[in-house]
file start_18.csv (CSV, C-alpha atoms)
chain,number,residue,atom,x,y,z
A,19,MET,CA,-106.2,-27.0,29.0
A,20,THR,CA,-106.0,-27.4,25.2
A,21,GLY,CA,-103.8,-30.3,24.0
A,22,GLY,CA,-100.4,-29.1,23.0
A,23,VAL,CA,-100.5,-26.1,25.3
A,24,ARG,CA,-98.0,-26.1,28.1
A,25,ARG,CA,-99.2,-22.9,29.8
A,26,ALA,CA,-102.5,-21.2,29.0
A,27,PRO,CA,-102.2,-17.4,28.8
A,28,VAL,CA,-103.9,-15.3,31.5
A,29,GLN,CA,-102.8,-11.7,31.2
A,30,ARG,CA,-103.9,-9.6,28.2
A,31,ARG,CA,-100.4,-9.3,26.8
A,32,SER,CA,-99.9,-13.0,27.0
A,33,VAL,CA,-103.2,-13.8,25.3
A,34,GLU,CA,-102.3,-11.4,22.5
A,35,ARG,CA,-98.9,-13.2,22.0
A,36,PHE,CA,-100.6,-16.6,22.2
A,37,GLU,CA,-103.1,-15.7,19.5
A,38,ARG,CA,-100.4,-14.0,17.3
A,39,LEU,CA,-98.4,-17.3,17.4
A,40,LEU,CA,-101.5,-19.3,16.3
A,41,ASP,CA,-102.2,-16.8,13.6
A,42,ALA,CA,-98.6,-17.0,12.4
A,43,CYS,CA,-98.7,-20.8,12.5
A,44,ALA,CA,-101.9,-20.8,10.3
A,45,GLU,CA,-100.4,-18.4,7.8
A,46,LEU,CA,-97.2,-20.3,7.4
A,47,LEU,CA,-98.9,-23.6,7.3
A,48,ALA,CA,-100.9,-22.3,4.3
A,49,GLU,CA,-97.8,-20.9,2.7
A,50,VAL,CA,-95.2,-23.5,3.1
A,51,GLY,CA,-97.0,-26.7,4.3
A,52,HIS,CA,-96.6,-28.9,7.3
A,53,ASP,CA,-93.1,-30.3,6.6
A,54,ALA,CA,-91.5,-26.9,6.1
A,55,LEU,CA,-93.2,-25.3,9.1
A,56,THR,CA,-90.8,-24.5,12.0
A,57,THR,CA,-91.2,-23.1,15.4
A,58,ARG,CA,-88.5,-20.5,14.7
A,59,GLY,CA,-90.4,-19.4,11.6
A,60,VAL,CA,-93.6,-19.1,13.5
A,61,ALA,CA,-92.0,-17.0,16.2
A,62,ARG,CA,-90.3,-14.8,13.7
A,63,ARG,CA,-93.6,-14.2,11.8
A,64,ALA,CA,-95.4,-13.4,15.1
A,65,GLY,CA,-92.7,-11.1,16.3
A,66,VAL,CA,-92.3,-13.1,19.5
A,67,PRO,CA,-89.2,-14.6,21.0
A,68,ILE,CA,-88.7,-18.3,20.4
A,69,GLY,CA,-88.5,-18.9,24.2
A,70,THR,CA,-92.0,-17.4,24.6
A,71,LEU,CA,-93.4,-19.9,22.0
A,72,TYR,CA,-92.0,-22.8,24.1
A,73,GLN,CA,-93.5,-21.3,27.2
A,74,PHE,CA,-96.9,-21.7,25.7
A,75,PHE,CA,-96.6,-24.7,23.3
A,76,ASP,CA,-95.1,-28.1,23.3
A,77,GLY,CA,-93.1,-27.5,20.1
A,78,LYS,CA,-94.4,-27.7,16.5
A,79,ALA,CA,-96.8,-30.6,17.4
A,80,GLY,CA,-98.2,-28.6,20.2
A,81,LEU,CA,-98.7,-25.5,18.0
A,82,LEU,CA,-100.6,-27.5,15.4
A,83,GLN,CA,-102.7,-29.2,18.0
A,84,ALA,CA,-103.7,-25.9,19.5
A,85,LEU,CA,-104.4,-24.5,16.1
A,86,ALA,CA,-106.7,-27.5,15.3
A,87,SER,CA,-108.5,-26.9,18.7
A,88,ARG,CA,-109.0,-23.2,17.9
A,89,ASN,CA,-110.3,-24.1,14.4
A,90,LEU,CA,-112.7,-26.6,15.9
A,91,GLY,CA,-114.0,-24.0,18.3
A,92,LEU,CA,-114.6,-21.6,15.4
A,93,LEU,CA,-116.4,-24.3,13.4
A,94,LEU,CA,-118.7,-25.2,16.3
A,95,ALA,CA,-119.6,-21.6,16.8
A,96,ARG,CA,-120.6,-21.3,13.2
A,97,VAL,CA,-122.6,-24.5,13.3
A,98,ARG,CA,-124.5,-23.4,16.5
A,99,GLU,CA,-125.3,-20.1,14.8
A,100,ARG,CA,-126.7,-22.0,11.8
A,101,LEU,CA,-128.7,-24.4,14.0
A,102,ALA,CA,-130.2,-21.5,15.9
A,103,GLY,CA,-131.8,-20.2,12.6
A,104,GLU,CA,-132.6,-23.4,10.8
A,105,SER,CA,-133.6,-27.0,11.5
A,106,ALA,CA,-131.5,-30.1,10.6
A,107,GLY,CA,-134.2,-32.8,10.2
A,108,ASP,CA,-131.8,-35.7,10.4
A,109,TRP,CA,-128.1,-36.6,10.8
A,110,GLY,CA,-127.6,-36.4,7.0
A,111,GLU,CA,-128.8,-32.9,6.8
A,112,ALA,CA,-126.9,-31.9,9.9
A,113,ALA,CA,-123.7,-33.4,8.4
A,114,VAL,CA,-124.2,-31.4,5.2
A,115,LEU,CA,-124.7,-28.3,7.3
A,116,VAL,CA,-121.4,-28.9,9.0
A,117,TYR,CA,-119.8,-29.8,5.6
A,118,ASP,CA,-120.9,-26.4,4.2
A,119,GLU,CA,-119.4,-24.6,7.2
A,120,ILE,CA,-116.1,-26.5,6.8
A,121,LEU,CA,-116.0,-25.6,3.2
A,122,ALA,CA,-116.7,-21.9,3.9
A,123,MET,CA,-113.9,-21.8,6.5
A,124,ARG,CA,-111.5,-23.6,4.2
A,125,ARG,CA,-112.0,-20.8,1.7
A,126,VAL,CA,-111.3,-17.9,4.0
A,127,LEU,CA,-109.3,-19.2,6.9
A,128,PRO,CA,-105.5,-19.8,6.4
A,129,GLY,CA,-104.4,-23.2,7.8
A,130,PHE,CA,-107.9,-24.4,8.5
A,131,PHE,CA,-106.9,-27.9,7.4
A,132,VAL,CA,-104.1,-28.2,10.0
A,133,ALA,CA,-103.1,-31.7,8.8
A,134,ASP,CA,-103.4,-30.9,5.1
A,135,PRO,CA,-99.9,-30.9,3.6
A,136,GLY,CA,-100.3,-28.7,0.6
A,137,ASP,CA,-96.6,-29.2,-0.2
A,138,GLY,CA,-97.0,-33.0,-0.5
A,139,SER,CA,-95.2,-33.7,2.7
A,140,PRO,CA,-96.4,-36.6,4.9
A,141,PHE,CA,-99.5,-36.3,7.1
A,142,ASP,CA,-99.0,-36.1,10.9
A,143,ALA,CA,-101.2,-39.2,11.5
A,144,ASP,CA,-101.4,-38.7,15.3
A,145,LEU,CA,-102.5,-35.1,14.9
A,146,VAL,CA,-105.2,-36.1,12.4
A,147,ARG,CA,-106.5,-38.9,14.7
A,148,ARG,CA,-106.7,-36.6,17.7
A,149,ALA,CA,-108.3,-33.7,15.8
A,150,ASP,CA,-110.8,-35.9,14.1
A,151,THR,CA,-111.7,-37.7,17.3
A,152,ALA,CA,-112.2,-34.4,19.1
A,153,MET,CA,-114.4,-33.2,16.2
A,154,ALA,CA,-116.5,-36.3,16.3
A,155,GLY,CA,-117.2,-36.0,20.0
A,156,GLU,CA,-118.1,-32.3,19.9
A,157,LEU,CA,-120.3,-32.7,16.8
A,158,TYR,CA,-122.2,-35.6,18.3
A,159,ALA,CA,-122.9,-33.8,21.5
A,160,LEU,CA,-124.0,-30.7,19.5
A,161,GLY,CA,-126.3,-32.8,17.4
A,162,LEU,CA,-128.0,-34.4,20.4
A,163,ARG,CA,-128.3,-31.2,22.5
A,164,GLU,CA,-128.9,-28.5,20.0
A,165,ALA,CA,-130.4,-30.2,16.9
A,166,ASN,CA,-132.4,-32.7,19.0
A,167,LEU,CA,-131.2,-35.6,16.7
A,168,PRO,CA,-131.6,-39.2,17.8
A,169,PRO,CA,-128.7,-41.2,19.2
A,170,LEU,CA,-126.4,-42.9,16.7
A,171,PRO,CA,-125.2,-46.5,16.9
A,172,ASP,CA,-121.4,-46.5,17.7
A,173,PRO,CA,-121.4,-42.7,17.3
A,174,GLU,CA,-117.6,-42.1,17.3
A,175,ARG,CA,-117.0,-44.7,14.6
A,176,VAL,CA,-119.9,-43.4,12.5
A,177,LEU,CA,-118.8,-39.8,12.7
A,178,LEU,CA,-115.1,-40.6,12.2
A,179,VAL,CA,-116.0,-42.3,8.9
A,180,ALA,CA,-118.0,-39.2,7.8
A,181,ILE,CA,-115.2,-36.8,8.9
A,182,THR,CA,-112.3,-38.7,7.3
A,183,SER,CA,-114.2,-39.3,4.1
A,184,THR,CA,-115.2,-35.7,3.5
A,185,ASP,CA,-111.7,-34.5,4.5
A,186,GLY,CA,-110.4,-36.6,1.7
A,187,LEU,CA,-112.9,-35.3,-0.8
A,188,LEU,CA,-112.2,-31.7,0.2
A,189,ARG,CA,-108.5,-32.2,-0.2
A,190,LEU,CA,-109.2,-33.5,-3.7
A,191,ALA,CA,-111.5,-30.7,-4.5
A,192,PHE,CA,-108.9,-28.0,-3.6
A,193,GLN,CA,-105.9,-29.7,-5.3
A,194,ALA,CA,-106.6,-28.4,-8.7
A,195,HIS,CA,-109.1,-25.6,-8.0
A,196,GLU,CA,-108.3,-22.7,-5.8
A,197,ASP,CA,-111.9,-22.3,-4.7
A,198,GLY,CA,-112.7,-26.1,-4.8
A,199,ASP,CA,-113.9,-28.3,-7.7
A,200,PRO,CA,-117.8,-27.9,-7.6
A,201,ALA,CA,-118.4,-31.4,-8.9
A,202,VAL,CA,-116.3,-33.0,-6.1
A,203,ILE,CA,-117.8,-30.7,-3.5
A,204,ALA,CA,-121.3,-31.7,-4.6
A,205,LEU,CA,-120.3,-35.3,-4.4
A,206,GLY,CA,-119.4,-34.9,-0.8
A,207,ALA,CA,-122.9,-33.6,0.2
A,208,ARG,CA,-124.5,-36.5,-1.7
A,209,MET,CA,-122.2,-39.0,-0.1
A,210,LEU,CA,-123.1,-37.7,3.4
A,211,ARG,CA,-126.8,-37.9,2.9
A,212,ALA,CA,-126.6,-41.4,1.5
A,213,TYR,CA,-124.3,-42.6,4.3
A,214,PHE,CA,-126.5,-41.4,7.1
A,215,ARG,CA,-129.6,-42.8,5.3
A,216,GLU,CA,-127.9,-46.1,5.4
A,217,ILE,CA,-127.0,-45.7,9.1
A,218,ALA,CA,-130.6,-44.8,10.0
A,219,ASP,CA,-132.2,-47.6,7.9
A,220,PRO,CA,-129.7,-50.4,7.4
A,221,GLN,CA,-130.9,-53.1,4.9

call {"tool": "encode", "arguments": {"input": "start_18.csv", "output": "C-alpha coordinates"}}
result
Amino acid sequence: MTGGVRRAPVQRRSVERFERLLDACAELLAEVGHDALTTRGVARRAGVPIGTLYQFFDGKAGLLQALASRNLGLLLARVRERLAGESAGDWGEAAVLVYDEILAMRRVLPGFFVADPGDGSPFDADLVRRADTAMAGELYALGLREANLPPLPDPERVLLVAITSTDGLLRLAFQAHEDGDPAVIALGARMLRAYFREIADPQ
(Lines of atoms letter the chains of each structure in order from A and count residues from 1; the text may use other names and numbers.)
(Lines give C-alpha, C1' and ligand atoms only; values in the text may rest on other atoms or scores of the structure.)
Protein backbone atom coordinates (compact mmCIF):
# COMPACT_ATOMS: atom_id res chain seq x y z
CA MET A 1 0.00 0.00 0.00
CA THR A 2 1.24 3.47 -0.88
CA GLY A 3 2.60 5.46 2.08
CA GLY A 4 0.02 7.84 3.50
CA VAL A 5 -2.91 5.72 2.27
CA ARG A 6 -5.10 4.24 5.00
CA ARG A 7 -7.30 2.20 2.68
CA ALA A 8 -6.65 1.53 -0.99
CA PRO A 9 -9.75 1.89 -3.17
CA VAL A 10 -11.12 -1.26 -4.80
CA GLN A 11 -14.49 -0.49 -6.36
CA ARG A 12 -14.69 1.76 -9.42
CA ARG A 13 -16.52 4.53 -7.60
CA SER A 14 -13.95 4.51 -4.81
CA VAL A 15 -11.07 4.61 -7.30
CA GLU A 16 -12.66 7.63 -9.02
CA ARG A 17 -13.03 9.46 -5.70
CA PHE A 18 -9.47 8.58 -4.69
CA GLU A 19 -8.08 9.97 -7.96
CA ARG A 20 -10.29 13.08 -7.76
CA LEU A 21 -8.88 13.80 -4.31
CA LEU A 22 -5.31 13.49 -5.59
CA ASP A 23 -6.12 15.69 -8.60
CA ALA A 24 -7.66 18.30 -6.31
CA CYS A 25 -4.66 18.14 -3.99
CA ALA A 26 -2.30 18.74 -6.92
CA GLU A 27 -4.34 21.67 -8.22
CA LEU A 28 -4.59 23.39 -4.85
CA LEU A 29 -0.94 22.75 -4.08
CA ALA A 30 -0.02 24.58 -7.30
CA GLU A 31 -2.47 27.40 -6.54
CA VAL A 32 -2.01 28.10 -2.82
CA GLY A 33 1.18 26.29 -1.80
CA HIS A 34 1.97 23.70 0.84
CA ASP A 35 1.25 25.78 3.95
CA ALA A 36 -2.22 26.94 2.88
CA LEU A 37 -3.30 23.53 1.63
CA THR A 38 -6.01 21.94 3.82
CA THR A 39 -7.82 18.63 3.72
CA ARG A 40 -11.16 20.45 3.84
CA GLY A 41 -10.17 22.52 0.82
CA VAL A 42 -9.10 19.40 -1.08
CA ALA A 43 -12.36 17.60 -0.28
CA ARG A 44 -14.38 20.66 -1.35
CA ARG A 45 -12.47 20.95 -4.64
CA ALA A 46 -12.93 17.23 -5.34
CA GLY A 47 -16.62 17.29 -4.44
CA VAL A 48 -16.08 14.53 -1.88
CA PRO A 49 -17.16 14.45 1.79
CA ILE A 50 -14.32 15.19 4.20
CA GLY A 51 -14.98 11.85 5.94
CA THR A 52 -14.27 10.02 2.69
CA LEU A 53 -10.90 11.76 2.42
CA TYR A 54 -9.94 10.48 5.86
CA GLN A 55 -11.10 6.98 4.95
CA PHE A 56 -8.46 6.96 2.21
CA PHE A 57 -5.67 9.19 3.50
CA ASP A 58 -3.81 9.84 6.71
CA GLY A 59 -4.57 13.58 6.69
CA LYS A 60 -2.69 16.24 4.75
CA ALA A 61 0.66 14.48 5.06
CA GLY A 62 -0.87 11.27 3.73
CA LEU A 63 -2.42 13.08 0.78
CA LEU A 64 0.89 14.66 -0.15
CA GLN A 65 2.78 11.40 0.21
CA ALA A 66 0.26 9.61 -1.99
CA LEU A 67 0.49 12.40 -4.57
CA ALA A 68 4.28 12.14 -4.54
CA SER A 69 3.99 8.37 -5.09
CA ARG A 70 1.61 8.87 -8.00
CA ASN A 71 3.91 11.46 -9.56
CA LEU A 72 6.88 9.10 -9.21
CA GLY A 73 4.91 6.37 -10.98
CA LEU A 74 4.12 8.74 -13.86
CA LEU A 75 7.77 9.76 -14.08
CA LEU A 76 9.00 6.16 -14.15
CA ALA A 77 6.54 5.32 -16.93
CA ARG A 78 7.86 8.21 -19.04
CA VAL A 79 11.47 7.23 -18.40
CA ARG A 80 10.77 3.60 -19.35
CA GLU A 81 9.16 4.77 -22.58
CA ARG A 82 12.21 6.90 -23.40
CA LEU A 83 14.61 4.06 -22.63
CA ALA A 84 12.65 1.73 -24.89
CA GLY A 85 13.43 3.99 -27.84
CA GLU A 86 16.89 5.32 -27.05
CA SER A 87 20.05 4.26 -25.29
CA ALA A 88 21.53 5.85 -22.18
CA GLY A 89 25.23 5.14 -22.53
CA ASP A 90 26.16 5.92 -18.93
CA TRP A 91 24.70 7.14 -15.66
CA GLY A 92 25.26 10.77 -16.62
CA GLU A 93 23.20 10.47 -19.79
CA ALA A 94 20.54 8.47 -17.94
CA ALA A 95 20.37 11.19 -15.28
CA VAL A 96 19.93 13.89 -17.94
CA LEU A 97 17.16 11.83 -19.54
CA VAL A 98 15.35 11.67 -16.19
CA TYR A 99 16.03 15.39 -15.65
CA ASP A 100 14.42 16.18 -19.03
CA GLU A 101 11.32 14.18 -18.11
CA ILE A 102 11.06 15.85 -14.69
CA LEU A 103 11.30 19.22 -16.41
CA ALA A 104 8.57 18.29 -18.91
CA MET A 105 6.26 17.10 -16.13
CA ARG A 106 6.94 20.19 -14.03
CA ARG A 107 5.71 22.32 -16.94
CA VAL A 108 2.42 20.50 -17.52
CA LEU A 109 1.46 18.70 -14.31
CA PRO A 110 0.05 20.77 -11.42
CA GLY A 111 1.64 19.98 -8.08
CA PHE A 112 4.42 17.86 -9.57
CA PHE A 113 6.91 19.25 -7.04
CA VAL A 114 4.87 18.09 -4.06
CA ALA A 115 7.30 19.57 -1.53
CA ASP A 116 7.95 22.78 -3.47
CA PRO A 117 6.29 25.60 -1.48
CA GLY A 118 5.63 28.19 -4.13
CA ASP A 119 4.17 30.48 -1.47
CA GLY A 120 7.44 30.56 0.48
CA SER A 121 6.12 28.36 3.30
CA PRO A 122 8.46 25.85 4.99
CA PHE A 123 9.36 22.57 3.34
CA ASP A 124 7.99 19.34 4.78
CA ALA A 125 11.44 17.87 5.36
CA ASP A 126 10.17 14.37 6.16
CA LEU A 127 8.06 14.27 3.00
CA VAL A 128 11.03 15.43 0.92
CA ARG A 129 13.29 12.77 2.44
CA ARG A 130 10.81 9.94 1.85
CA ALA A 131 9.96 11.05 -1.70
CA ASP A 132 13.61 11.49 -2.68
CA THR A 133 14.64 8.14 -1.15
CA ALA A 134 11.84 6.35 -3.00
CA MET A 135 12.87 8.05 -6.25
CA ALA A 136 16.52 7.10 -5.75
CA GLY A 137 15.65 3.43 -5.21
CA GLU A 138 13.29 3.19 -8.18
CA LEU A 139 15.62 5.00 -10.57
CA TYR A 140 18.59 2.88 -9.55
CA ALA A 141 16.65 -0.34 -10.15
CA LEU A 142 15.43 0.98 -13.49
CA GLY A 143 18.96 1.96 -14.54
CA LEU A 144 20.31 -1.50 -13.75
CA ARG A 145 17.45 -3.51 -15.28
CA GLU A 146 16.30 -1.49 -18.25
CA ALA A 147 19.28 0.67 -19.21
CA ASN A 148 21.86 -2.06 -18.42
CA LEU A 149 24.02 0.44 -16.55
CA PRO A 150 26.82 -0.72 -14.22
CA PRO A 151 26.32 -0.72 -10.44
CA LEU A 152 27.11 2.49 -8.60
CA PRO A 153 29.15 2.76 -5.40
CA ASP A 154 26.85 3.66 -2.49
CA PRO A 155 23.96 4.11 -4.94
CA GLU A 156 21.40 5.63 -2.58
CA ARG A 157 23.76 8.39 -1.49
CA VAL A 158 25.00 9.04 -5.02
CA LEU A 159 21.48 9.33 -6.43
CA LEU A 160 20.16 11.37 -3.50
CA VAL A 161 22.90 13.95 -4.12
CA ALA A 162 21.88 14.14 -7.79
CA ILE A 163 18.16 14.34 -6.98
CA THR A 164 18.39 17.00 -4.27
CA SER A 165 20.84 19.10 -6.28
CA THR A 166 18.69 19.16 -9.40
CA ASP A 167 15.54 19.77 -7.32
CA GLY A 168 17.18 22.93 -6.00
CA LEU A 169 18.22 24.07 -9.46
CA LEU A 170 14.75 23.52 -10.90
CA ARG A 171 13.13 25.44 -8.06
CA LEU A 172 15.52 28.29 -8.81
CA ALA A 173 14.79 28.04 -12.54
CA PHE A 174 11.04 28.38 -12.01
CA GLN A 175 11.12 31.12 -9.38
CA ALA A 176 11.40 33.97 -11.86
CA HIS A 177 10.42 32.28 -15.14
CA GLU A 178 7.07 30.60 -15.64
CA ASP A 179 8.56 28.13 -18.11
CA GLY A 180 11.93 27.88 -16.36
CA ASP A 181 15.12 29.91 -16.78
CA PRO A 182 16.93 28.25 -19.76
CA ALA A 183 20.38 29.10 -18.39
CA VAL A 184 19.69 27.49 -15.02
CA ILE A 185 18.07 24.46 -16.66
CA ALA A 186 21.10 23.98 -18.93
CA LEU A 187 23.36 24.21 -15.89
CA GLY A 188 21.50 21.29 -14.33
CA ALA A 189 22.24 19.00 -17.27
CA ARG A 190 25.93 19.99 -17.29
CA MET A 191 26.15 19.45 -13.56
CA LEU A 192 24.67 15.95 -13.80
CA ARG A 193 27.06 14.87 -16.55
CA ALA A 194 30.08 16.21 -14.65
CA TYR A 195 28.95 14.66 -11.36
CA PHE A 196 28.51 11.17 -12.79
CA ARG A 197 31.81 11.39 -14.69
CA GLU A 198 33.48 12.03 -11.36
CA ILE A 199 31.65 9.09 -9.78
CA ALA A 200 32.70 6.78 -12.63
CA ASP A 201 36.32 7.94 -12.67
CA PRO A 202 37.30 9.50 -9.33
CA GLN A 203 40.69 11.21 -9.32

call {"tool": "residues_around", "arguments": {"input": "start_18.csv", "residues": "stretch 66-70 of chain A", "least_positions_apart": "3", "cutoff": "10 Å", "atoms": "all atoms listed in the file", "output": "VMD selection string"}}
result
chain A and resid 32 35 to 36 38 to 39 57 to 63 73 to 75

call {"tool": "atom_distance", "arguments": {"input": "start_18.csv", "atom1": "atom CA of A:Ala44", "atom2": "atom CA of A:Pro128"}}
result
5.4 Å

call {"tool": "closest_residue", "arguments": {"input": "start_18.csv", "among": "A:Ile181, A:Leu94, A:Ala48, A:Ala154", "to": "A:Leu127", "atoms": "all atoms listed in the file"}}
result
A:Ala48

call {"tool": "atom_distance", "arguments": {"input": "start_18.csv", "atom1": "atom CA of A:Tyr158", "atom2": "atom CA of A:Trp109"}}
result
9.6 Å

call {"tool": "residues_around", "arguments": {"input": "start_18.csv", "residues": "stretch 199-205 of chain A", "least_positions_apart": "6", "cutoff": "12 Å", "atoms": "all atoms listed in the file", "output": "list in words"}}
result
Val114, Tyr117, Asp118, Ile120, Leu121, Ala122, Ser183, Thr184, Asp185, Gly186, Leu187, Leu188, Arg189, Leu190, Ala191, Phe192, Gln193, Arg211 and Ala212 of chain A

call {"tool": "atom_distance", "arguments": {"input": "start_18.csv", "atom1": "atom CA of A:Pro27", "atom2": "atom CA of A:Gly80"}}
result
14.7 Å

call {"tool": "decode", "arguments": {"input": "start_18.csv", "residues": "stretch 138-166 of chain A", "atoms": "N, CA, C and O atoms", "output": "PDB file, in the first residue's frame"}}
result
ATOM      1  N   GLY A 138       6.378  30.220  -0.462  1.00  0.00           N
ATOM      2  CA  GLY A 138       7.441  30.564   0.485  1.00  0.00           C
ATOM      3  C   GLY A 138       7.295  29.905   1.837  1.00  0.00           C
ATOM      4  O   GLY A 138       8.092  30.148   2.736  1.00  0.00           O
ATOM      5  N   SER A 139       6.307  29.028   2.018  1.00  0.00           N
ATOM      6  CA  SER A 139       6.122  28.364   3.305  1.00  0.00           C
ATOM      7  C   SER A 139       7.182  27.282   3.491  1.00  0.00           C
ATOM      8  O   SER A 139       7.841  26.863   2.548  1.00  0.00           O
ATOM      9  N   PRO A 140       7.372  26.793   4.719  1.00  0.00           N
ATOM     10  CA  PRO A 140       8.461  25.849   4.986  1.00  0.00           C
ATOM     11  C   PRO A 140       8.280  24.524   4.258  1.00  0.00           C
ATOM     12  O   PRO A 140       7.165  24.083   4.003  1.00  0.00           O
ATOM     13  N   PHE A 141       9.386  23.896   3.929  1.00  0.00           N
ATOM     14  CA  PHE A 141       9.359  22.565   3.343  1.00  0.00           C
ATOM     15  C   PHE A 141       8.917  21.552   4.399  1.00  0.00           C
ATOM     16  O   PHE A 141       9.196  21.695   5.582  1.00  0.00           O
ATOM     17  N   ASP A 142       8.258  20.512   3.937  1.00  0.00           N
ATOM     18  CA  ASP A 142       7.990  19.344   4.777  1.00  0.00           C
ATOM     19  C   ASP A 142       9.195  18.427   4.616  1.00  0.00           C
ATOM     20  O   ASP A 142       9.280  17.646   3.667  1.00  0.00           O
ATOM     21  N   ALA A 143      10.157  18.563   5.524  1.00  0.00           N
ATOM     22  CA  ALA A 143      11.444  17.874   5.364  1.00  0.00           C
ATOM     23  C   ALA A 143      11.276  16.359   5.332  1.00  0.00           C
ATOM     24  O   ALA A 143      11.977  15.670   4.574  1.00  0.00           O
ATOM     25  N   ASP A 144      10.356  15.817   6.135  1.00  0.00           N
ATOM     26  CA  ASP A 144      10.173  14.375   6.161  1.00  0.00           C
ATOM     27  C   ASP A 144       9.591  13.876   4.847  1.00  0.00           C
ATOM     28  O   ASP A 144      10.008  12.844   4.323  1.00  0.00           O
ATOM     29  N   LEU A 145       8.634  14.627   4.289  1.00  0.00           N
ATOM     30  CA  LEU A 145       8.056  14.266   3.004  1.00  0.00           C
ATOM     31  C   LEU A 145       9.118  14.294   1.908  1.00  0.00           C
ATOM     32  O   LEU A 145       9.195  13.388   1.073  1.00  0.00           O
ATOM     33  N   VAL A 146       9.953  15.328   1.907  1.00  0.00           N
ATOM     34  CA  VAL A 146      11.026  15.432   0.915  1.00  0.00           C
ATOM     35  C   VAL A 146      11.960  14.226   1.017  1.00  0.00           C
ATOM     36  O   VAL A 146      12.320  13.604   0.012  1.00  0.00           O
ATOM     37  N   ARG A 147      12.360  13.887   2.248  1.00  0.00           N
ATOM     38  CA  ARG A 147      13.287  12.770   2.440  1.00  0.00           C
ATOM     39  C   ARG A 147      12.689  11.466   1.932  1.00  0.00           C
ATOM     40  O   ARG A 147      13.358  10.697   1.212  1.00  0.00           O
ATOM     41  N   ARG A 148      11.437  11.193   2.276  1.00  0.00           N
ATOM     42  CA  ARG A 148      10.807   9.941   1.852  1.00  0.00           C
ATOM     43  C   ARG A 148      10.617   9.896   0.336  1.00  0.00           C
ATOM     44  O   ARG A 148      10.854   8.861  -0.303  1.00  0.00           O
ATOM     45  N   ALA A 149      10.179  11.012  -0.248  1.00  0.00           N
ATOM     46  CA  ALA A 149       9.962  11.049  -1.696  1.00  0.00           C
ATOM     47  C   ALA A 149      11.279  10.881  -2.447  1.00  0.00           C
ATOM     48  O   ALA A 149      11.357  10.130  -3.432  1.00  0.00           O
ATOM     49  N   ASP A 150      12.317  11.574  -1.994  1.00  0.00           N
ATOM     50  CA  ASP A 150      13.611  11.486  -2.681  1.00  0.00           C
ATOM     51  C   ASP A 150      14.231  10.105  -2.537  1.00  0.00           C
ATOM     52  O   ASP A 150      14.832   9.574  -3.481  1.00  0.00           O
ATOM     53  N   THR A 151      14.096   9.487  -1.361  1.00  0.00           N
ATOM     54  CA  THR A 151      14.643   8.145  -1.152  1.00  0.00           C
ATOM     55  C   THR A 151      13.928   7.127  -2.026  1.00  0.00           C
ATOM     56  O   THR A 151      14.561   6.244  -2.625  1.00  0.00           O
ATOM     57  N   ALA A 152      12.598   7.258  -2.118  1.00  0.00           N
ATOM     58  CA  ALA A 152      11.840   6.355  -2.997  1.00  0.00           C
ATOM     59  C   ALA A 152      12.262   6.532  -4.447  1.00  0.00           C
ATOM     60  O   ALA A 152      12.452   5.555  -5.185  1.00  0.00           O
ATOM     61  N   MET A 153      12.442   7.786  -4.877  1.00  0.00           N
ATOM     62  CA  MET A 153      12.865   8.046  -6.249  1.00  0.00           C
ATOM     63  C   MET A 153      14.246   7.453  -6.512  1.00  0.00           C
ATOM     64  O   MET A 153      14.478   6.836  -7.561  1.00  0.00           O
ATOM     65  N   ALA A 154      15.173   7.625  -5.572  1.00  0.00           N
ATOM     66  CA  ALA A 154      16.523   7.096  -5.747  1.00  0.00           C
ATOM     67  C   ALA A 154      16.488   5.581  -5.945  1.00  0.00           C
ATOM     68  O   ALA A 154      17.149   5.031  -6.841  1.00  0.00           O
ATOM     69  N   GLY A 155      15.730   4.880  -5.113  1.00  0.00           N
ATOM     70  CA  GLY A 155      15.654   3.433  -5.214  1.00  0.00           C
ATOM     71  C   GLY A 155      15.054   2.957  -6.527  1.00  0.00           C
ATOM     72  O   GLY A 155      15.567   2.029  -7.170  1.00  0.00           O
ATOM     73  N   GLU A 156      13.958   3.604  -6.939  1.00  0.00           N
ATOM     74  CA  GLU A 156      13.289   3.191  -8.177  1.00  0.00           C
ATOM     75  C   GLU A 156      14.153   3.486  -9.400  1.00  0.00           C
ATOM     76  O   GLU A 156      14.239   2.670 -10.326  1.00  0.00           O
ATOM     77  N   LEU A 157      14.795   4.647  -9.412  1.00  0.00           N
ATOM     78  CA  LEU A 157      15.618   5.001 -10.574  1.00  0.00           C
ATOM     79  C   LEU A 157      16.865   4.123 -10.668  1.00  0.00           C
ATOM     80  O   LEU A 157      17.315   3.776 -11.767  1.00  0.00           O
ATOM     81  N   TYR A 158      17.423   3.756  -9.522  1.00  0.00           N
ATOM     82  CA  TYR A 158      18.590   2.877  -9.554  1.00  0.00           C
ATOM     83  C   TYR A 158      18.214   1.508 -10.116  1.00  0.00           C
ATOM     84  O   TYR A 158      18.909   0.968 -10.995  1.00  0.00           O
ATOM     85  N   ALA A 159      17.104   0.960  -9.644  1.00  0.00           N
ATOM     86  CA  ALA A 159      16.654  -0.340 -10.147  1.00  0.00           C
ATOM     87  C   ALA A 159      16.361  -0.274 -11.639  1.00  0.00           C
ATOM     88  O   ALA A 159      16.716  -1.176 -12.412  1.00  0.00           O
ATOM     89  N   LEU A 160      15.743   0.817 -12.078  1.00  0.00           N
ATOM     90  CA  LEU A 160      15.429   0.981 -13.492  1.00  0.00           C
ATOM     91  C   LEU A 160      16.709   1.076 -14.325  1.00  0.00           C
ATOM     92  O   LEU A 160      16.815   0.485 -15.400  1.00  0.00           O
ATOM     93  N   GLY A 161      17.689   1.827 -13.825  1.00  0.00           N
ATOM     94  CA  GLY A 161      18.956   1.959 -14.544  1.00  0.00           C
ATOM     95  C   GLY A 161      19.665   0.630 -14.712  1.00  0.00           C
ATOM     96  O   GLY A 161      20.223   0.341 -15.784  1.00  0.00           O
ATOM     97  N   LEU A 162      19.652  -0.196 -13.676  1.00  0.00           N
ATOM     98  CA  LEU A 162      20.308  -1.504 -13.755  1.00  0.00           C
ATOM     99  C   LEU A 162      19.568  -2.444 -14.703  1.00  0.00           C
ATOM    100  O   LEU A 162      20.175  -3.096 -15.557  1.00  0.00           O
ATOM    101  N   ARG A 163      18.236  -2.518 -14.544  1.00  0.00           N
ATOM    102  CA  ARG A 163      17.449  -3.507 -15.280  1.00  0.00           C
ATOM    103  C   ARG A 163      17.183  -3.118 -16.726  1.00  0.00           C
ATOM    104  O   ARG A 163      17.293  -3.947 -17.630  1.00  0.00           O
ATOM    105  N   GLU A 164      16.823  -1.870 -16.935  1.00  0.00           N
ATOM    106  CA  GLU A 164      16.304  -1.488 -18.247  1.00  0.00           C
ATOM    107  C   GLU A 164      17.289  -0.692 -19.085  1.00  0.00           C
ATOM    108  O   GLU A 164      17.145  -0.628 -20.305  1.00  0.00           O
ATOM    109  N   ALA A 165      18.254  -0.043 -18.446  1.00  0.00           N
ATOM    110  CA  ALA A 165      19.277   0.673 -19.214  1.00  0.00           C
ATOM    111  C   ALA A 165      20.595  -0.089 -19.220  1.00  0.00           C
ATOM    112  O   ALA A 165      21.550   0.329 -19.876  1.00  0.00           O
ATOM    113  N   ASN A 166      20.646  -1.218 -18.482  1.00  0.00           N
ATOM    114  CA  ASN A 166      21.858  -2.055 -18.417  1.00  0.00           C
ATOM    115  C   ASN A 166      23.087  -1.253 -18.002  1.00  0.00           C
ATOM    116  O   ASN A 166      24.191  -1.454 -18.545  1.00  0.00           O
TER     117      ASN A 166
END
